[in-house]
Structure formats: structure tokens, C-alpha cells
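Asker: Can you keep this structure in mind? I'll have questions shortly.
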Amino acid sequence: MTVRCSSFVDEPLPGTATTERGWLCIENDAGWGRDPFSGETFPADVGDAIESFAAAHDLRVLLIRRPGRAGGFRARRRVFVARSVAGETALRRFEVEDYALIPSLDLGAGEPAEPMALVCTNGKRDVCCAVQGRPLAASLAGCYADPVVWECSHTGGHRFAPVLIVLPTGYTYGRVTAGEAKEVFDGARAGVVSTTGLRGRSPLPPVGQVAEVAVREALGAAVGPDVLRVTVEPGAEAKNADEGEAVVRHEDGRAWRVRARAEELPPRVASCGKKPSPARGWRVASISPA
């Protein structure tokens with residue numbers, strides 16, 4: 001039996017979301033490489049310009065396409081720019097005739113867009129995303145008339161496939177079924193955050209992600225994305241921190257102090273085709289009123 005990276009389900013989900021403050025999503029129906037800049041999508045000079053533009057604006061580049069490449073060829077390609085930081089969340093839509101025009105976009109312009117769901121299906125990066133992501137994307141897209149569900153290139157965390165990201169907020173989910181994905185996205189469209197399969201909010205480091213998920217679960221009812229604000233204590237902001245504390249504040253004045261730590265897990269394949277390697281998972285050590 002083939003052992004896939006997503007076969008290991010003992011790693012806790014909270015604290016595993018890719019840490020990104022914003023996203024640059026570029027429509028592309030062609031075959032994808034391992035990443036947007038591996039040479040299959042853009043001419044070298046255009047790719048370099050887009051990569052520099054994204055870095056200057058603190059954006060993670062993703063390629064997107066309609067599930068099953070629905071809709072066929074479009075002369076003008078859609079581009080979405082999302083800001084995911086609490087209090088600054090926004091999603092804007094642009095159209096370009098040539099990818100070379102992307103670095104000249106005025107990010108303050110663009111048309112406001114409805115929330116969108118991205119499902120990673122990048123099989124060239126990891127087979128689990130293709131095998132599990134494509135059916136989920138197709139099922140979810142069939143629930144909505146508008147093009148709000150997209151397949152996307154590698155997001156990180158293929159071991160949690162299928163992986164779902166909701167923009168503009170950056171809330172990231174893993175191991176979700178079709179029914180759970182619809183629950184998550186329906187909630188996002190209604191302005192609340194579901195904790196089903198929740199890995200964390202992308203602008204936060206792992207400690208902050210763990211803390212927010214813990215408080216949302218403790219509240220017992222779905223609330224809006226910016227109802228809670230998270231402050232990570234000094235020393236725990238780094239992506240590679242092993243432990244730390246964060247304070248989660250509710251808009252009604254309540255606050256919680258959450259301590260989290262990373263614990264060792266049995267070795268496993270972090271990506272399909274690789275050899276087993278050490279792993280760790282985030283746990284809540286304590287949660288108390290602040």
C-alpha cells in the first residue's frame with residue numbers, strides 16, 4: 001500500500017496555516033509546475049517582475065483556475081489581490097490582457113470582490129493535493145452560481161489535503177469533506193468563521209493561530225473574523241518558535257491568555273515520495289482569562 005503524506009492524521013491542525021499577510025491570485029488554465037515561477041507559466045522576465053512586485057507588497061503568489069478548467073479560454077485574465085490582516089481585510093478584482101501588466105496594477109483600485117474559496121490541486125507539488133483537492137473543488141463549485149471557488153497552486157501543508165483557504169481573511173482549513181467545506185464557505189460568506197478543520201489565520205505566526213483557534217472553540221459559537229484580535233507575546237512571533245503565549249481579545253472586552261507549545265510526533269513523510277522525517281504538532285498548554 002502506498003503511504004501518502006496525508007495518511008498521517010495525528011498532527012493537530014491549529015498552528016499549521018502558511019504565514020502570509022496577503023495574496024496575489026492570477027488566473028491561469030495551463031498546466032502548472034511546482035510553483036508559479038518554475039518556468040511553465042510566465043516568461044522569465046515577466047515572472048521576475050511579478051515576483052518582485054509581490055514581494056514589495058507582501059503578497060503570496062498563487063495561480064488559480066476554475067475547477068475542471070471550466071469556462072475555457074479568456075482573452076482577459078482575472079487577478080485578485082487579498083489583504084488578510086485583521087482590520088485591513090479586503091479583496092479586489094482586476095483583469096489584464098497580458099501578465100506583463102500585473103506589476104503596474106494600482107492595488108488601491110480594482111473592483112471589490114466577494115469572498116472566494118481556494119482549494120489546492122497542484123499535483124506536481126504533491127499528489128495528495130490533486131487526488132483529494134480536485135474532487136473537493138468540483139463539488140464545492142457546484143454549490144454556487146458565481147465563480148467564487150477556484151483550484152489553486154501550492155499553498156503549503158499538503159499533508160493536510162484537501163486544503164481550503166478562504167479569502168480575503170486567510171483562514172486556512174485542512175482534512176475537510178465536501179460538506180464541511182460548504183459549511184466553512186457558507187459561514188465565511190455570512191461573515192462568521194467556522195472552526196471545522198481550522199488550521200489558523202494566515203497573517204498570524206503558529207502560536208497566534210493556535211491561540212485564536214482555541215478561543216474560537218471555547219466560545220462555542222461562530223463569530224466574525226475581526227471580533228477577535230490576537231497579540232503574540234515577544235519571542236513567539238517567529239515561524240520557527242517552539243512555544244510562546246498570545247493574548248486573544250474579544251470586541252466585548254473579554255480576553256484570554258493562551259500558552260502553546262510544539263511537541264514531537266512520530267516520524268512521517270512530510271511530502272509524498274520523501275523519506276520519513278521528524279515532525280511536531282502544536283498543543284495548547286494553558287488558557288486562562290487575561
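Identifiers in this document derive from the order of the C-alpha cells: chains are assigned A, B, ..., residues are numbered from 1 separately in each chain, and ligands are numbered from 1 in order of occurrence.
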Quick one: residues within 10 Å of A:Ala221, only C-alpha atoms, excluding same-chain residues fewer than 5 positions away - as a PyMOL selection string?

Answerer: chain A and resi 192-195+216

Asker: Put those residues in a file: N, CA, C and O atoms, as a JSON list (two decimals), in the first residue's frame.

Answerer:
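What landed in out_6.json:
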```json
[["chain", "number", "residue", "atom", "x", "y", "z"],
["A", 192, "VAL", "N", -19.00, 34.88, 9.31],
["A", 192, "VAL", "CA", -18.52, 34.22, 10.53],
["A", 192, "VAL", "C", -17.46, 33.19, 10.17],
["A", 192, "VAL", "O", -17.32, 32.78, 9.01],
["A", 193, "VAL", "N", -16.71, 32.75, 11.17],
["A", 193, "VAL", "CA", -15.60, 31.82, 10.97],
["A", 193, "VAL", "C", -15.95, 30.47, 11.57],
["A", 193, "VAL", "O", -16.20, 30.36, 12.77],
["A", 194, "SER", "N", -15.95, 29.44, 10.74],
["A", 194, "SER", "CA", -16.16, 28.08, 11.22],
["A", 194, "SER", "C", -14.84, 27.53, 11.74],
["A", 194, "SER", "O", -13.78, 27.81, 11.18],
["A", 195, "THR", "N", -14.91, 26.72, 12.81],
["A", 195, "THR", "CA", -13.70, 26.10, 13.35],
["A", 195, "THR", "C", -13.52, 24.66, 12.86],
["A", 195, "THR", "O", -12.56, 24.01, 13.24],
["A", 216, "ARG", "N", -11.75, 30.46, 19.81],
["A", 216, "ARG", "CA", -12.96, 30.29, 19.00],
["A", 216, "ARG", "C", -13.69, 29.00, 19.38],
["A", 216, "ARG", "O", -14.93, 28.98, 19.47]]
```

Asker: Which residues of stretch 104-213 of chain A sit at most 7 Å from stretch 7-28 of chain A, using only C-alpha atoms? Give each one's shortest atom pair and distance in Å (one decimal place), in chain and ascending residue order, as a tab-separated table.

Answerer:
```
residue	atom	partner	partner_atom	distance
A:Gly156	CA	A:Thr18	CA	6.0
A:Thr172	CA	A:Ala17	CA	5.9
A:Gly197	CA	A:Leu13	CA	6.9
A:Leu198	CA	A:Pro14	CA	6.4
A:Arg199	CA	A:Pro14	CA	4.2
A:Gly200	CA	A:Ala17	CA	5.3
A:Arg201	CA	A:Ala17	CA	6.6
A:Ser202	CA	A:Thr19	CA	4.7
A:Pro203	CA	A:Arg21	CA	4.5
A:Leu204	CA	A:Thr19	CA	6.3
A:Pro205	CA	A:Thr19	CA	6.2
A:Pro206	CA	A:Gly15	CA	4.2
A:Val207	CA	A:Gly15	CA	6.4
A:Gln209	CA	A:Gly15	CA	5.0
A:Val210	CA	A:Gly15	CA	4.8
A:Val213	CA	A:Pro14	CA	6.5
```

Asker: Save the residues we just selected, C-alpha atoms, as an mmCIF file, in the first residue's frame?

Answerer:
```
data_model
loop_
_atom_site.group_PDB
_atom_site.id
_atom_site.type_symbol
_atom_site.label_atom_id
_atom_site.label_comp_id
_atom_site.auth_asym_id
_atom_site.auth_seq_id
_atom_site.Cartn_x
_atom_site.Cartn_y
_atom_site.Cartn_z
ATOM 1 C CA GLY A 156 1.721 24.719 1.916
ATOM 2 C CA THR A 172 -6.988 28.061 6.237
ATOM 3 C CA GLY A 197 -10.865 21.796 10.198
ATOM 4 C CA LEU A 198 -9.443 25.235 11.034
ATOM 5 C CA ARG A 199 -5.635 25.428 10.821
ATOM 6 C CA GLY A 200 -5.360 29.149 11.530
ATOM 7 C CA ARG A 201 -5.433 32.622 10.054
ATOM 8 C CA SER A 202 -2.548 33.242 7.679
ATOM 9 C CA PRO A 203 -1.205 36.606 8.964
ATOM 10 C CA LEU A 204 -0.537 35.100 12.405
ATOM 11 C CA PRO A 205 2.506 33.033 13.419
ATOM 12 C CA PRO A 206 1.794 29.487 14.685
ATOM 13 C CA VAL A 207 1.422 30.489 18.356
ATOM 14 C CA GLN A 209 -3.012 30.704 15.177
ATOM 15 C CA VAL A 210 -3.217 28.109 17.950
ATOM 16 C CA VAL A 213 -8.479 28.620 17.274
#
```

Asker: What is the distance between atom CA of A:Ser84 and atom CA of A:Glu40, in Å to one decimal?

Answerer: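 Going from atom CA of A:Ser84 over to atom CA of A:Glu40, I get 28.1 Å.
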
Asker: From the DSSP assignment of the backbone, select every residue of stretch 162-281 of chain A that is strand (DSSP E), and format the answer as a VMD selection string.

Answerer: chain A and resid 163 to 167 171 to 174 198 to 201 228 to 232 243 to 250 255 to 268 277 to 281

Asker: Could you save the residues just selected, with C-alpha atoms, as an mmCIF file, in the first residue's frame?

Answerer:
```
data_model
loop_
_atom_site.group_PDB
_atom_site.id
_atom_site.type_symbol
_atom_site.label_atom_id
_atom_site.label_comp_id
_atom_site.auth_asym_id
_atom_site.auth_seq_id
_atom_site.Cartn_x
_atom_site.Cartn_y
_atom_site.Cartn_z
ATOM 1 C CA VAL A 163 -6.585 22.166 1.814
ATOM 2 C CA LEU A 164 -9.010 25.111 1.658
ATOM 3 C CA ILE A 165 -8.192 28.825 2.014
ATOM 4 C CA VAL A 166 -10.875 31.485 2.367
ATOM 5 C CA LEU A 167 -10.005 34.942 1.079
ATOM 6 C CA TYR A 171 -8.432 31.406 7.248
ATOM 7 C CA THR A 172 -6.988 28.061 6.237
ATOM 8 C CA TYR A 173 -8.550 24.613 6.619
ATOM 9 C CA GLY A 174 -7.425 21.020 6.253
ATOM 10 C CA LEU A 198 -9.443 25.235 11.034
ATOM 11 C CA ARG A 199 -5.635 25.428 10.821
ATOM 12 C CA GLY A 200 -5.360 29.149 11.530
ATOM 13 C CA ARG A 201 -5.433 32.622 10.054
ATOM 14 C CA LEU A 228 -11.212 38.530 17.964
ATOM 15 C CA ARG A 229 -7.826 40.248 17.812
ATOM 16 C CA VAL A 230 -4.622 38.378 18.610
ATOM 17 C CA THR A 231 -1.432 39.802 20.104
ATOM 18 C CA VAL A 232 1.542 37.446 20.145
ATOM 19 C CA GLU A 243 6.464 27.721 22.317
ATOM 20 C CA GLY A 244 5.005 31.021 23.395
ATOM 21 C CA GLU A 245 1.999 32.980 24.572
ATOM 22 C CA ALA A 246 -0.626 35.092 22.880
ATOM 23 C CA VAL A 247 -3.468 37.231 24.173
ATOM 24 C CA VAL A 248 -6.799 36.969 22.357
ATOM 25 C CA ARG A 249 -9.163 39.901 22.873
ATOM 26 C CA HIS A 250 -12.889 39.869 22.129
ATOM 27 C CA ALA A 255 -9.562 38.484 26.882
ATOM 28 C CA TRP A 256 -7.724 35.192 27.200
ATOM 29 C CA ARG A 257 -4.064 34.331 27.609
ATOM 30 C CA VAL A 258 -3.119 31.181 25.714
ATOM 31 C CA ARG A 259 0.146 29.322 26.023
ATOM 32 C CA ALA A 260 1.071 26.886 23.243
ATOM 33 C CA ARG A 261 3.997 24.584 22.612
ATOM 34 C CA ALA A 262 5.195 22.326 19.827
ATOM 35 C CA GLU A 263 5.521 18.650 20.762
ATOM 36 C CA GLU A 264 7.416 15.898 18.978
ATOM 37 C CA LEU A 265 5.418 13.461 16.836
ATOM 38 C CA PRO A 266 6.438 10.111 15.360
ATOM 39 C CA PRO A 267 8.390 10.491 12.072
ATOM 40 C CA ARG A 268 6.346 10.617 8.887
ATOM 41 C CA SER A 277 11.459 12.719 8.873
ATOM 42 C CA PRO A 278 10.900 14.151 12.387
ATOM 43 C CA ALA A 279 7.653 16.036 12.946
ATOM 44 C CA ARG A 280 5.969 18.119 15.587
ATOM 45 C CA GLY A 281 2.481 19.313 16.390
#
```

Asker: Considering only C-alpha atoms, can you say which of A:Thr169, A:Thr177, A:Asn240, A:Thr89 comes closest to A:Ala137?

Answerer: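 So, comparing all the options, the nearest one is A:Thr177.
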
Asker: In Å, rounded to a single decimal, give me how far atom CA of A:Pro36 is from atom CA of A:Ile50.

Answerer: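 Interatomic distance, atom CA of A:Ile50 to atom CA of A:Pro36: 10.0 Å.
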
Asker: Got a sec: who's within 8 Å of stretch 93-110 of chain A, counting only C-alpha atoms, leaving out chain neighbours fewer than 5 positions off, as a PyMOL selection string?

Answerer: chain A and resi 42+46+49-50+53+75-81

Asker: Using C-alpha atoms, can you export the residues from the last selection as a tab-separated table (two decimals), in the first residue's frame?

Answerer:
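After the write, again_26.tsv holds the following:
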```tsv
chain	number	residue	atom	x	y	z
A	42	PHE	CA	5.46	33.11	-17.28
A	46	VAL	CA	7.65	38.62	-16.63
A	49	ALA	CA	8.79	41.28	-12.42
A	50	ILE	CA	5.68	39.68	-10.88
A	53	PHE	CA	6.05	43.18	-7.34
A	75	ALA	CA	-8.64	36.87	-23.53
A	76	ARG	CA	-8.59	38.85	-20.29
A	77	ARG	CA	-7.35	37.04	-17.19
A	78	ARG	CA	-8.72	37.71	-13.72
A	79	VAL	CA	-6.35	38.77	-10.96
A	80	PHE	CA	-7.36	39.02	-7.29
A	81	VAL	CA	-5.46	40.80	-4.53
```

Asker: Using only C-alpha atoms, which residue out of A:Thr196, A:Ser52, A:Ser6, A:Ser271 lies closest to A:Arg125?

Answerer: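 Closest residue, counting only C-alpha atoms: A:Ser271.
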
Asker: Which one is closest to A:Trp32: A:Arg60, A:His154, A:Lys182, A:Lys239? Count only C-alpha atoms.

Answerer: A:His154

Asker: Using DSSP on the backbone, list every residue of stretch 95-263 of chain A that comes out as alpha helix (DSSP H), and give them as a VMD selection string.

Answerer: chain A and resid 127 to 141 178 to 190 206 to 219

Asker: Using only C-alpha atoms, which residues sit within 8 Å of A:Ala141 once same-chain residues fewer than 5 positions away are excluded, as a PDB file with N, CA and C atoms, in the first residue's frame?

Answerer:
```pdb
ATOM      1  N   PRO A  67     -12.498  25.147 -11.321  1.00  0.00           N
ATOM      2  CA  PRO A  67     -12.435  23.680 -11.222  1.00  0.00           C
ATOM      3  C   PRO A  67     -12.756  23.003 -12.547  1.00  0.00           C
ATOM      4  N   PRO A 147     -18.535  32.476  -9.983  1.00  0.00           N
ATOM      5  CA  PRO A 147     -17.191  31.876  -9.913  1.00  0.00           C
ATOM      6  C   PRO A 147     -16.452  32.307  -8.645  1.00  0.00           C
ATOM      7  N   VAL A 148     -16.808  31.704  -7.516  1.00  0.00           N
ATOM      8  CA  VAL A 148     -16.187  32.059  -6.237  1.00  0.00           C
ATOM      9  C   VAL A 148     -15.309  30.930  -5.699  1.00  0.00           C
ATOM     10  N   VAL A 149     -15.318  29.787  -6.350  1.00  0.00           N
ATOM     11  CA  VAL A 149     -14.493  28.648  -5.950  1.00  0.00           C
ATOM     12  C   VAL A 149     -13.446  28.402  -7.026  1.00  0.00           C
ATOM     13  N   TRP A 150     -12.198  28.267  -6.605  1.00  0.00           N
ATOM     14  CA  TRP A 150     -11.090  28.131  -7.536  1.00  0.00           C
ATOM     15  C   TRP A 150     -10.140  27.028  -7.101  1.00  0.00           C
TER      16      TRP A 150
END
```

Asker: As a list of chain:residue names, please: the residues near A:Ser153 (cut-off 7 Å, only C-alpha atoms, same-chain neighbours under 2 positions excluded).

Answerer: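 Contacts, in chain order: A:Asp35, A:Leu62, A:Leu63, A:Ile64, A:Cys120, A:Thr121, A:Asn122, A:Thr155.
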
Asker: Since we have the selection now, will you write its residues out, keeping C-alpha atoms, as a PDB file, in the first residue's frame?

Answerer:
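Contents of part_17.pdb, as written:
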```pdb
ATOM      1  CA  ASP A  35       5.361  26.726  -8.160  1.00  0.00           C
ATOM      2  CA  LEU A  62      -0.941  31.712  -6.332  1.00  0.00           C
ATOM      3  CA  LEU A  63      -2.124  30.507  -9.719  1.00  0.00           C
ATOM      4  CA  ILE A  64      -5.861  29.880  -9.867  1.00  0.00           C
ATOM      5  CA  CYS A 120      -5.033  23.416  -3.604  1.00  0.00           C
ATOM      6  CA  THR A 121      -4.876  20.954  -6.518  1.00  0.00           C
ATOM      7  CA  ASN A 122      -1.212  21.261  -7.508  1.00  0.00           C
ATOM      8  CA  THR A 155      -0.292  26.740  -0.614  1.00  0.00           C
TER       9      THR A 155
END
```

Asker: List the spatial neighbours of A:Ala270 as a compact mmCIF listing (two decimals) with N, CA and C atoms, in the first residue's frame - criterion: any atom at most 8 Å away, only C-alpha atoms, same-chain residues fewer than 3 positions off excluded.

Answerer:
```
# COMPACT_ATOMS: atom_id res chain seq x y z
N CYS A 5 1.46 11.39 2.17
CA CYS A 5 1.72 12.30 3.29
C CYS A 5 0.46 12.64 4.06
N ARG A 159 0.14 17.87 3.46
CA ARG A 159 -0.13 16.71 4.32
C ARG A 159 -1.50 16.80 4.98
N LYS A 274 8.90 11.44 -0.34
CA LYS A 274 10.06 11.71 0.50
C LYS A 274 10.20 10.65 1.59
N PRO A 276 10.67 9.35 5.53
CA PRO A 276 10.15 9.84 6.81
C PRO A 276 11.15 10.76 7.51
N SER A 277 10.62 11.75 8.17
CA SER A 277 11.46 12.72 8.87
C SER A 277 10.77 13.11 10.18
```
